[in-house]
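Reproduced below: coords-v4.cif, with mmCIF, C-alpha atoms.
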data_entry
loop_
_atom_site.label_atom_id
_atom_site.label_comp_id
_atom_site.auth_asym_id
_atom_site.auth_seq_id
_atom_site.Cartn_x
_atom_site.Cartn_y
_atom_site.Cartn_z
CA MET A 6 -43.45 -32.51 0.04
CA GLN A 7 -45.39 -29.77 1.82
CA ARG A 8 -42.78 -29.67 4.57
CA ARG A 9 -40.07 -29.24 1.93
CA ILE A 10 -41.96 -26.34 0.33
CA ASN A 11 -42.46 -24.70 3.70
CA PHE A 12 -38.74 -25.08 4.43
CA ILE A 13 -37.85 -23.40 1.11
CA VAL A 14 -40.28 -20.55 1.87
CA ILE A 15 -38.68 -20.06 5.30
CA ILE A 16 -35.18 -19.98 3.78
CA ALA A 17 -36.34 -17.48 1.17
CA CYS A 18 -37.80 -15.24 3.87
CA LEU A 19 -34.58 -15.42 5.87
CA VAL A 20 -32.55 -14.46 2.80
CA VAL A 21 -34.82 -11.44 2.21
CA LEU A 22 -34.62 -10.51 5.90
CA CYS A 23 -30.82 -10.75 5.89
CA ALA A 24 -30.68 -8.66 2.73
CA CYS A 25 -32.84 -6.00 4.37
CA ASN A 26 -30.65 -6.03 7.47
CA GLU A 27 -27.50 -5.72 5.35
CA ASN A 28 -28.87 -2.69 3.51
CA LYS A 29 -30.41 -0.78 6.39
CA ASN A 30 -27.19 1.17 7.04
CA MET A 31 -26.25 1.67 3.41
CA TYR A 32 -25.63 5.14 2.01
CA VAL A 33 -25.49 6.41 -1.53
CA LEU A 34 -23.85 9.72 -2.37
CA LYS A 35 -24.61 11.00 -5.86
CA GLY A 36 -22.52 13.87 -7.11
CA THR A 37 -22.13 16.15 -10.10
CA VAL A 38 -18.99 17.97 -11.23
CA PRO A 39 -18.38 21.25 -13.08
CA ILE A 40 -18.39 21.34 -16.87
CA GLY A 41 -14.93 20.55 -18.21
CA ILE A 42 -14.10 17.71 -15.81
CA GLU A 43 -13.38 14.79 -18.12
CA ASN A 44 -14.44 11.18 -17.72
CA GLY A 45 -12.10 9.21 -15.51
CA ALA A 46 -11.28 12.08 -13.14
CA ILE A 47 -11.12 10.81 -9.55
CA VAL A 48 -13.11 12.10 -6.59
CA PHE A 49 -11.46 11.09 -3.30
CA MET A 50 -13.21 10.59 0.03
CA THR A 51 -11.04 11.17 3.11
CA ASP A 52 -11.93 10.26 6.69
CA TYR A 53 -11.63 13.40 8.81
CA ASN A 54 -10.95 11.30 11.89
CA ASP A 55 -7.58 9.94 10.71
CA SER A 56 -6.92 11.85 7.45
CA GLN A 57 -6.88 8.60 5.46
CA ILE A 58 -8.43 8.21 2.00
CA VAL A 59 -11.18 5.63 2.45
CA ASP A 60 -12.82 5.58 -0.99
CA SER A 61 -12.71 7.02 -4.49
CA ALA A 62 -15.10 7.33 -7.42
CA LYS A 63 -14.58 8.00 -11.12
CA VAL A 64 -16.39 10.76 -12.94
CA PHE A 65 -18.53 9.65 -15.88
CA ASN A 66 -20.66 12.05 -17.92
CA GLY A 67 -20.31 14.74 -15.25
CA LYS A 68 -21.41 12.50 -12.39
CA PHE A 69 -19.98 10.20 -9.73
CA VAL A 70 -21.41 7.86 -7.10
CA PHE A 71 -20.19 6.61 -3.71
CA ARG A 72 -21.82 3.66 -1.98
CA GLY A 73 -21.06 2.14 1.40
CA GLU A 74 -22.15 1.46 4.94
CA ALA A 75 -22.68 4.04 7.66
CA ASP A 76 -23.23 2.47 11.08
CA SER A 77 -23.17 6.03 12.41
CA ALA A 78 -22.69 9.53 11.02
CA MET A 79 -19.15 10.07 9.69
CA ALA A 80 -17.21 13.24 8.81
CA ARG A 81 -15.70 13.08 5.33
CA LEU A 82 -13.78 15.38 3.00
CA LEU A 83 -14.43 15.12 -0.73
CA THR A 84 -11.72 16.35 -3.09
CA LEU A 85 -11.63 16.67 -6.86
CA ARG A 86 -8.42 18.41 -7.89
CA GLU A 87 -8.70 21.92 -6.41
CA LEU A 88 -12.35 21.43 -5.43
CA GLN A 89 -13.28 20.18 -1.98
CA ALA A 90 -16.29 19.87 0.28
CA ASP A 91 -16.90 18.80 3.87
CA ILE A 92 -19.75 16.37 4.27
CA ILE A 93 -21.27 14.21 6.99
CA ILE A 94 -22.12 10.76 5.63
CA ASP A 95 -25.11 8.91 7.07
CA LYS A 96 -27.42 6.15 5.89
CA GLY A 97 -29.74 7.01 3.03
CA THR A 98 -29.29 8.90 -0.22
CA MET A 99 -27.34 12.15 -0.46
CA THR A 100 -26.47 14.51 -3.28
CA ILE A 101 -23.75 17.09 -3.84
CA ASP A 102 -22.59 19.45 -6.58
CA MET A 103 -18.80 19.73 -6.36
CA SER A 104 -18.91 23.22 -7.86
CA ASP A 105 -20.64 24.36 -4.65
CA PRO A 106 -19.02 23.12 -1.40
CA TYR A 107 -22.21 23.91 0.55
CA SER A 108 -24.63 22.07 -1.71
CA ALA A 109 -24.77 18.64 -0.04
CA THR A 110 -28.24 17.50 0.98
CA GLY A 111 -29.77 14.28 2.26
CA ASN A 112 -29.31 14.36 6.02
CA VAL A 113 -29.85 16.94 8.74
CA MET A 114 -26.25 17.03 9.99
CA THR A 115 -24.74 17.77 6.60
CA GLU A 116 -27.32 20.47 5.94
CA LYS A 117 -26.62 22.03 9.35
CA LEU A 118 -22.87 21.89 8.69
CA ASN A 119 -23.40 23.75 5.42
CA GLU A 120 -25.64 26.24 7.21
CA PHE A 121 -22.88 26.82 9.77
CA TYR A 122 -20.21 27.36 7.08
CA GLN A 123 -22.46 29.73 5.15
CA THR A 124 -23.21 31.76 8.29
CA CYS A 125 -19.49 32.09 9.01
CA GLY A 126 -18.91 33.05 5.38
CA GLU A 127 -21.49 35.82 5.62
CA ILE A 128 -19.74 37.19 8.71
CA ILE A 129 -16.41 37.17 6.85
CA ILE A 130 -17.90 38.99 3.85
CA LEU A 131 -19.50 41.60 6.11
CA THR A 132 -16.19 42.11 7.94
CA LYS A 133 -14.32 42.66 4.67
CA SER A 134 -16.95 45.21 3.69
CA LYS A 135 -16.57 47.07 6.99
CA LEU A 136 -12.79 47.16 6.60
CA ALA A 137 -13.11 48.48 3.04
CA GLU A 138 -15.37 51.28 4.26
CA ILE A 139 -12.81 52.70 6.70
CA ASP A 140 -11.77 56.17 5.57
CA GLU A 141 -8.30 55.98 4.01
CA SER A 142 -7.66 59.64 4.85
CA LEU A 143 -7.49 58.81 8.56
CA SER A 144 -4.14 58.56 10.29
CA ASP A 145 -2.52 55.17 10.71
CA GLU A 146 -3.36 55.26 14.41
CA GLU A 147 -7.02 56.08 13.80
CA ARG A 148 -7.34 53.44 11.08
CA GLY A 149 -5.66 50.93 13.35
CA LYS A 150 -8.16 51.54 16.13
CA MET A 151 -11.10 51.18 13.76
CA GLU A 152 -9.70 47.99 12.25
CA ASP A 153 -9.13 46.54 15.73
CA ALA A 154 -12.76 47.29 16.61
CA VAL A 155 -13.98 45.57 13.41
CA PHE A 156 -11.88 42.47 14.10
CA GLU A 157 -13.02 42.36 17.73
CA THR A 158 -16.65 42.28 16.56
CA PHE A 159 -15.75 39.72 13.92
CA PHE A 160 -14.30 37.23 16.42
CA GLU A 161 -17.15 37.80 18.87
CA GLU A 162 -19.68 36.98 16.15
CA LEU A 163 -17.77 33.89 15.05
CA ASP A 164 -17.52 32.68 18.64
CA ALA A 165 -21.27 33.16 19.07
CA VAL A 166 -22.03 31.11 15.95
CA HIS A 167 -19.72 28.29 17.05
CA GLN A 168 -21.22 28.29 20.54
CA PHE A 169 -24.78 28.19 19.19
CA TYR A 170 -24.16 25.05 17.13
CA LEU A 171 -21.96 23.42 19.76
CA THR A 172 -24.68 23.89 22.38
CA GLU A 173 -27.10 22.02 20.12
CA HIS A 174 -24.53 19.32 19.26
CA PRO A 175 -22.22 18.89 22.27
CA ASN A 176 -21.30 15.26 21.63
CA ASP A 177 -21.69 14.20 18.01
CA VAL A 178 -19.86 14.41 14.69
CA LEU A 179 -21.39 17.78 13.76
CA GLY A 180 -20.27 19.24 17.08
CA ALA A 181 -16.81 17.80 16.46
CA MET A 182 -16.54 19.55 13.10
CA ILE A 183 -17.79 22.82 14.64
CA PHE A 184 -15.39 22.62 17.59
CA TYR A 185 -12.42 21.80 15.35
CA THR A 186 -13.24 24.76 13.11
CA TRP A 187 -13.35 27.01 16.18
CA LEU A 188 -9.92 25.75 17.27
CA GLN A 189 -8.46 26.51 13.85
CA ASN A 190 -9.75 30.08 14.02
CA GLN A 191 -8.01 30.91 17.30
CA PHE A 192 -4.81 32.93 17.28
CA ASP A 193 -2.11 31.95 19.77
CA LEU A 194 -4.38 29.38 21.39
CA THR A 195 -2.82 27.90 24.52
CA TYR A 196 -3.32 24.46 26.00
CA GLU A 197 -4.95 26.07 29.04
CA GLN A 198 -7.47 27.85 26.79
CA PHE A 199 -8.13 24.58 24.95
CA VAL A 200 -8.87 22.79 28.23
CA GLU A 201 -11.22 25.59 29.28
CA ALA A 202 -13.07 25.51 25.93
CA SER A 203 -13.29 21.72 26.14
CA GLN A 204 -15.60 21.93 29.15
CA ASP A 205 -18.51 22.35 26.71
CA ALA A 206 -17.44 19.40 24.54
CA GLY A 207 -18.45 15.78 25.03
CA GLU A 208 -16.29 12.67 24.88
CA PHE A 209 -17.02 12.07 21.19
CA ILE A 210 -15.75 15.53 20.28
CA LEU A 211 -12.61 15.25 22.42
CA ASN A 212 -11.79 11.88 20.82
CA PHE A 213 -12.33 13.21 17.28
CA GLY A 214 -9.02 12.76 15.44
CA PRO A 215 -8.28 16.39 14.46
CA VAL A 216 -9.29 17.64 17.93
CA LYS A 217 -7.01 15.08 19.62
CA GLU A 218 -4.16 16.11 17.34
CA MET A 219 -4.73 19.77 18.19
CA ALA A 220 -4.76 18.96 21.90
CA ALA A 221 -1.51 17.00 21.56
CA PHE A 222 0.10 19.83 19.58
CA LEU A 223 -0.91 22.44 22.15
CA GLY A 224 0.41 20.17 24.90
CA ARG A 225 3.78 19.99 23.16
CA MET A 226 3.75 23.75 22.71
CA GLU A 227 3.11 24.20 26.43
CA LYS A 228 6.03 21.91 27.30
CA THR A 229 8.36 23.81 24.96
CA ALA A 230 7.20 27.38 25.58
CA VAL A 231 9.57 30.19 26.53
CA GLY A 232 10.89 29.51 30.01
CA MET A 233 10.68 25.72 29.72
CA PRO A 234 13.70 23.37 29.64
CA PHE A 235 14.80 21.80 26.36
CA ILE A 236 13.64 18.31 25.36
CA ASP A 237 16.36 15.99 24.16
CA PHE A 238 16.34 13.71 21.11
CA THR A 239 18.91 11.52 19.41
CA VAL A 240 19.51 10.93 15.70
CA ALA A 241 21.25 7.62 15.02
CA TYR A 242 23.33 8.82 12.05
CA GLY A 243 22.95 12.53 12.65
CA ASN A 244 26.56 13.63 12.35
CA ARG A 245 28.07 14.20 8.93
CA ASP A 246 30.40 11.22 9.45
CA GLY A 247 27.39 8.99 10.17
CA SER A 248 27.86 8.74 13.92
CA SER A 249 25.06 9.24 16.43
CA VAL A 250 24.29 12.68 17.85
CA SER A 251 21.97 14.00 20.53
CA PHE A 252 20.48 17.46 20.92
CA SER A 253 21.99 17.50 24.42
CA ASP A 254 25.47 17.30 22.89
CA TYR A 255 24.97 21.01 22.13
CA ILE A 256 22.17 22.27 24.38
CA GLY A 257 22.55 22.89 28.12
CA LYS A 258 26.35 22.89 27.96
CA GLY A 259 26.90 26.43 29.23
CA LYS A 260 26.47 28.33 25.96
CA TYR A 261 23.66 30.29 24.40
CA VAL A 262 22.66 28.23 21.35
CA LEU A 263 20.67 29.49 18.38
CA VAL A 264 19.00 26.47 16.77
CA ASP A 265 17.73 26.64 13.19
CA PHE A 266 15.22 23.92 12.24
CA TRP A 267 15.39 23.95 8.45
CA ALA A 268 15.37 21.94 5.19
CA SER A 269 17.14 22.29 1.85
CA TRP A 270 13.83 22.53 -0.08
CA CYS A 271 12.55 25.38 2.14
CA MET A 272 13.36 28.68 0.41
CA PRO A 273 12.43 30.84 3.44
CA CYS A 274 14.90 28.71 5.42
CA ARG A 275 17.66 29.36 2.91
CA MET A 276 16.83 33.09 3.00
CA GLU A 277 17.44 33.21 6.77
CA ALA A 278 20.89 31.67 6.39
CA PRO A 279 22.76 34.95 5.67
CA VAL A 280 21.34 36.47 8.87
CA ILE A 281 22.36 33.40 10.87
CA ALA A 282 25.82 33.47 9.26
CA GLU A 283 26.25 37.12 10.24
CA VAL A 284 25.28 36.41 13.85
CA TYR A 285 27.50 33.32 13.99
CA LYS A 286 30.53 35.20 12.65
CA LYS A 287 30.02 38.02 15.13
CA TYR A 288 29.35 36.06 18.32
CA LYS A 289 30.68 32.48 18.04
CA GLY A 290 32.94 31.54 20.91
CA ASP A 291 32.83 30.43 24.54
CA ARG A 292 29.38 31.93 25.17
CA PHE A 293 27.55 31.40 21.89
CA GLU A 294 26.94 28.67 19.33
CA VAL A 295 24.68 28.06 16.33
CA LEU A 296 23.22 24.66 15.48
CA GLY A 297 21.34 23.64 12.36
CA VAL A 298 18.84 20.77 12.56
CA ALA A 299 17.83 19.44 9.14
CA VAL A 300 14.26 18.14 9.24
CA MET A 301 12.06 16.36 6.70
CA ASP A 302 14.89 16.27 4.17
CA LYS A 303 17.08 13.87 2.20
CA ARG A 304 20.63 13.73 3.51
CA ILE A 305 22.17 14.21 0.07
CA GLU A 306 20.10 17.38 -0.45
CA THR A 307 20.97 18.69 3.02
CA VAL A 308 24.68 18.21 2.36
CA LYS A 309 24.42 19.93 -1.03
CA ALA A 310 22.60 22.95 0.44
CA ILE A 311 25.17 23.30 3.25
CA ASP A 312 28.06 23.15 0.78
CA ASP A 313 26.40 25.42 -1.79
CA ASP A 314 25.40 28.09 0.75
CA GLY A 315 28.58 27.84 2.80
CA TYR A 316 27.11 27.03 6.21
CA THR A 317 29.99 26.77 8.69
CA TRP A 318 28.09 26.08 11.92
CA PRO A 319 27.42 22.57 13.29
CA GLN A 320 24.54 20.55 11.85
CA ILE A 321 22.39 17.60 12.83
CA TYR A 322 21.42 15.64 9.71
CA ASP A 323 18.41 13.41 9.05
CA ALA A 324 16.41 14.55 12.09
CA GLN A 325 13.21 14.20 10.04
CA ALA A 326 9.93 14.80 11.94
CA GLU A 327 10.87 14.04 15.55
CA PRO A 328 12.08 17.55 16.53
CA LEU A 329 9.02 19.13 14.88
CA GLU A 330 6.72 16.92 16.94
CA LEU A 331 8.64 17.40 20.20
CA TYR A 332 8.72 21.18 19.90
CA GLY A 333 5.26 21.67 18.38
CA ILE A 334 6.69 23.17 15.18
CA GLN A 335 4.14 23.53 12.39
CA GLY A 336 6.31 25.24 9.80
CA ILE A 337 9.94 25.97 9.02
CA PRO A 338 12.18 27.84 9.36
CA HIS A 339 11.67 27.77 13.10
CA ILE A 340 14.52 29.31 15.05
CA ILE A 341 14.81 28.88 18.82
CA LEU A 342 17.31 30.48 21.22
CA PHE A 343 18.34 28.33 24.20
CA GLY A 344 20.07 29.60 27.33
CA PRO A 345 23.28 28.18 28.81
CA ASP A 346 21.28 25.78 31.02
CA GLY A 347 19.03 24.67 28.15
CA THR A 348 16.09 26.94 29.00
CA ILE A 349 14.10 28.18 25.98
CA LEU A 350 14.59 31.95 25.78
CA ALA A 351 12.81 32.76 22.48
CA ARG A 352 10.95 30.92 19.74
CA ASN A 353 10.24 31.50 16.07
CA LEU A 354 12.85 34.22 15.60
CA ARG A 355 13.25 35.67 12.11
CA GLY A 356 15.41 38.31 10.40
CA GLU A 357 16.35 41.31 12.55
CA ASP A 358 14.72 39.70 15.60
CA ILE A 359 17.50 37.08 15.52
CA LYS A 360 20.20 39.74 15.68
CA ASN A 361 18.39 41.77 18.35
CA LYS A 362 17.64 38.84 20.66
CA VAL A 363 21.15 37.38 20.49
CA ALA A 364 22.68 40.81 21.14
CA GLU A 365 20.30 41.32 24.07
CA VAL A 366 21.14 38.09 25.91
CA LEU A 367 24.90 38.34 25.32
CA LYS A 368 24.99 41.78 26.95
CA LYS A 369 24.11 40.17 30.27
#
For the structure just supplied, provide its representation as structure tokens.
Amino acid sequence: MQRRINFIVIIACLVVLCACNENKNMYVLKGTVPIGIENGAIVFMTDYNDSQIVDSAKVFNGKFVFRGEADSAMARLLTLRELQADIIIDKGTMTIDMSDPYSATGNVMTEKLNEFYQTCGEIIILTKSKLAEIDESLSDEERGKMEDAVFETFFEELDAVHQFYLTEHPNDVLGAMIFYTWLQNQFDLTYEQFVEASQDAGEFILNFGPVKEMAAFLGRMEKTAVGMPFIDFTVAYGNRDGSSVSFSDYIGKGKYVLVDFWASWCMPCRMEAPVIAEVYKKYKGDRFEVLGVAVMDKRIETVKAIDDDGYTWPQIYDAQAEPLELYGIQGIPHIILFGPDGTILARNLRGEDIKNKVAEVLKK
């Protein structure tokens, strides 16, 4: 009997031990929402690493709760309608007020992330103040010089803040968030500059989803920069009659080709069409061609837009996302001029720049 009791005691202890082990990596995130958010509203939690929604919580009496496991610190984005907040989840209890994106507390990394964002925000506010103080009576040239000096200081200060935090966190999730923010704040960042900046970043940061995506995008931009040869792609049913078509059916065939990557739902795209039509009417022939490539669109809508707007130049239908990925295109319209041998001569042409660039190359 005693042996049986001892056995039961041992089992009970093991159950308690297992329960403790199961809970040691648990986190609880308790949140509040602004007045006016009704019961049943949904707060979504998105994984920064792959941009996938991983959890959701309903609002009840102005509050919500997330519970889960955190084997290691994880970057998350919380969204509630137009409200959002970056947060680093880790084991333990955390709190956040969704009316203040920098209010999360409960672990050091989240608090440092908020500190970083607030510091950057203060620099932005100070910069706006400096710009507002510039004397409006100055000439455009004088104002321009002063504004350039303000922006130069602004970017230097931001770079210093990023570097300070990245030096302290060169290979963890906080450093990854800092480094990604820095990348987003760079104008005309090249792949070469990315590689140089990456020397200070550890393997964790370089494998962080958004950073990897940025690296891949910059790599595609480098491969399709001005002076580089075109990259081919094929669309199985890309002709209007449903037959297959390749980009190389038009590019690299001895003509200058102006390619318009567009979609029927894109109003700026439709607004460029009259300019393209004017250029096409003026120059089409043995030396010049225009090609439309419909991306991220429904075929029926593409056809309707072409017929409604009277496009008369060749089109590739149903190209979807592939050309955007190949050519590192983040937004449309994106208009590229290719040379007779398929070399990229100009990218992201708009309005009068289209007319001027086409006229320039055809004079040769």
Inset, instruction - Name all residues at most 9 Å from range 340-353 of chain A (count only C-alpha atoms; drop same-chain ones fewer than 3 positions away) and give them as JSON, numbers by chain. - result: {"A": [229, 230, 231, 232, 233, 234, 235, 236, 253, 256, 257, 258, 259, 260, 261, 262, 263, 264, 265, 266, 267, 292, 293, 337, 359, 362, 363, 366]}
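Running the PyMOL selection byres ((chain A and resi 57-66) around 6) on this file leaves A:Asn44, A:Gly45, A:Ala46, A:Ile47, A:Val48, A:Phe49, A:Met50, A:Thr51, A:Asp52, A:Asp55, A:Ser56, A:Gly67, A:Lys68, A:Phe69 selected.
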Inset, instruction - Can you give me, as a ChimeraX atom specification, the residues this file yields under the PyMOL selection byres ((chain A and resi 78) around 6)? - result: /A:77,79,94-95
How would the residues just chosen look if you wrote them out with C-alpha atoms as a PDB file, in the coordinates of the input?
ATOM      1  CA  SER A  77     -23.170   6.030  12.410  1.00  0.00           C
ATOM      2  CA  MET A  79     -19.150  10.070   9.690  1.00  0.00           C
ATOM      3  CA  ILE A  94     -22.120  10.760   5.630  1.00  0.00           C
ATOM      4  CA  ASP A  95     -25.110   8.910   7.070  1.00  0.00           C
TER       5      ASP A  95
END
Evaluating the PyMOL selection byres ((chain A and resi 316) around 12) on the displayed file yields which residues, as an mmCIF file with C-alpha atoms, keeping the file's coordinate frame?
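Output (out-v3.cif):
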data_model
loop_
_atom_site.group_PDB
_atom_site.id
_atom_site.type_symbol
_atom_site.label_atom_id
_atom_site.label_comp_id
_atom_site.auth_asym_id
_atom_site.auth_seq_id
_atom_site.Cartn_x
_atom_site.Cartn_y
_atom_site.Cartn_z
ATOM 1 C CA ASP A 265 17.730 26.640 13.190
ATOM 2 C CA SER A 269 17.140 22.290 1.850
ATOM 3 C CA ARG A 275 17.660 29.360 2.910
ATOM 4 C CA GLU A 277 17.440 33.210 6.770
ATOM 5 C CA ALA A 278 20.890 31.670 6.390
ATOM 6 C CA PRO A 279 22.760 34.950 5.670
ATOM 7 C CA VAL A 280 21.340 36.470 8.870
ATOM 8 C CA ILE A 281 22.360 33.400 10.870
ATOM 9 C CA ALA A 282 25.820 33.470 9.260
ATOM 10 C CA GLU A 283 26.250 37.120 10.240
ATOM 11 C CA TYR A 285 27.500 33.320 13.990
ATOM 12 C CA LYS A 286 30.530 35.200 12.650
ATOM 13 C CA VAL A 295 24.680 28.060 16.330
ATOM 14 C CA LEU A 296 23.220 24.660 15.480
ATOM 15 C CA GLY A 297 21.340 23.640 12.360
ATOM 16 C CA THR A 307 20.970 18.690 3.020
ATOM 17 C CA VAL A 308 24.680 18.210 2.360
ATOM 18 C CA LYS A 309 24.420 19.930 -1.030
ATOM 19 C CA ALA A 310 22.600 22.950 0.440
ATOM 20 C CA ILE A 311 25.170 23.300 3.250
ATOM 21 C CA ASP A 312 28.060 23.150 0.780
ATOM 22 C CA ASP A 313 26.400 25.420 -1.790
ATOM 23 C CA ASP A 314 25.400 28.090 0.750
ATOM 24 C CA GLY A 315 28.580 27.840 2.800
ATOM 25 C CA THR A 317 29.990 26.770 8.690
ATOM 26 C CA TRP A 318 28.090 26.080 11.920
ATOM 27 C CA PRO A 319 27.420 22.570 13.290
ATOM 28 C CA GLN A 320 24.540 20.550 11.850
#
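Counting from CA of Tyr122 in chain A, the distance to CA of Phe156 in chain A is 18.6 Å.
When the distance limit is 7 Å and only C-alpha atoms are what count, the residues near range 301-303 of chain A, minus those fewer than 5 positions from it on the same chain, are Ala268, Ser269, Asp323, Gln325 and Ala326 of chain A.
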Legend entry - Long-range neighbours of Gly224 in chain A as a VMD selection string, 10 Å cut-off, only C-alpha atoms, 4 positions minimum in chain: chain A and resid 195 to 197 199 218 to 220 228 to 230 331 to 333
Inset, instruction - Determine the nearest neighbour of Asp358 in chain A from the options A:Gly214, A:Val284, A:Ile40, A:Gln204, counting all atoms listed in the file. - result: A:Val284
Legend entry - Neighbour list for range 100-111 of chain A as a ChimeraX atom specification, cut-off 8 Å, only C-alpha atoms, skip fewer than 3 positions in-chain: /A:34-39,85,88-92,97,115-116,119-120,122-123
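Taking CA of Glu74 in chain A and CA of Asn30 in chain A as the two end points, the separation is 5.5 Å.
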Per residue of range 313-352 of chain A within 9 Å of range 237-241 of chain A, note the shortest atom pair and the distance in Å to one decimal, counting only C-alpha atoms, and order the rows by chain and increasing residue number, as CSV.
residue,atom,partner,partner_atom,distance
A:Ile321,CA,A:Val240,CA,7.8
A:Tyr322,CA,A:Val240,CA,7.9
A:Asp323,CA,A:Val240,CA,7.2
A:Ala324,CA,A:Val240,CA,6.0
A:Glu327,CA,A:Phe238,CA,7.8
A:Pro328,CA,A:Phe238,CA,7.3
A:Leu331,CA,A:Phe238,CA,8.6
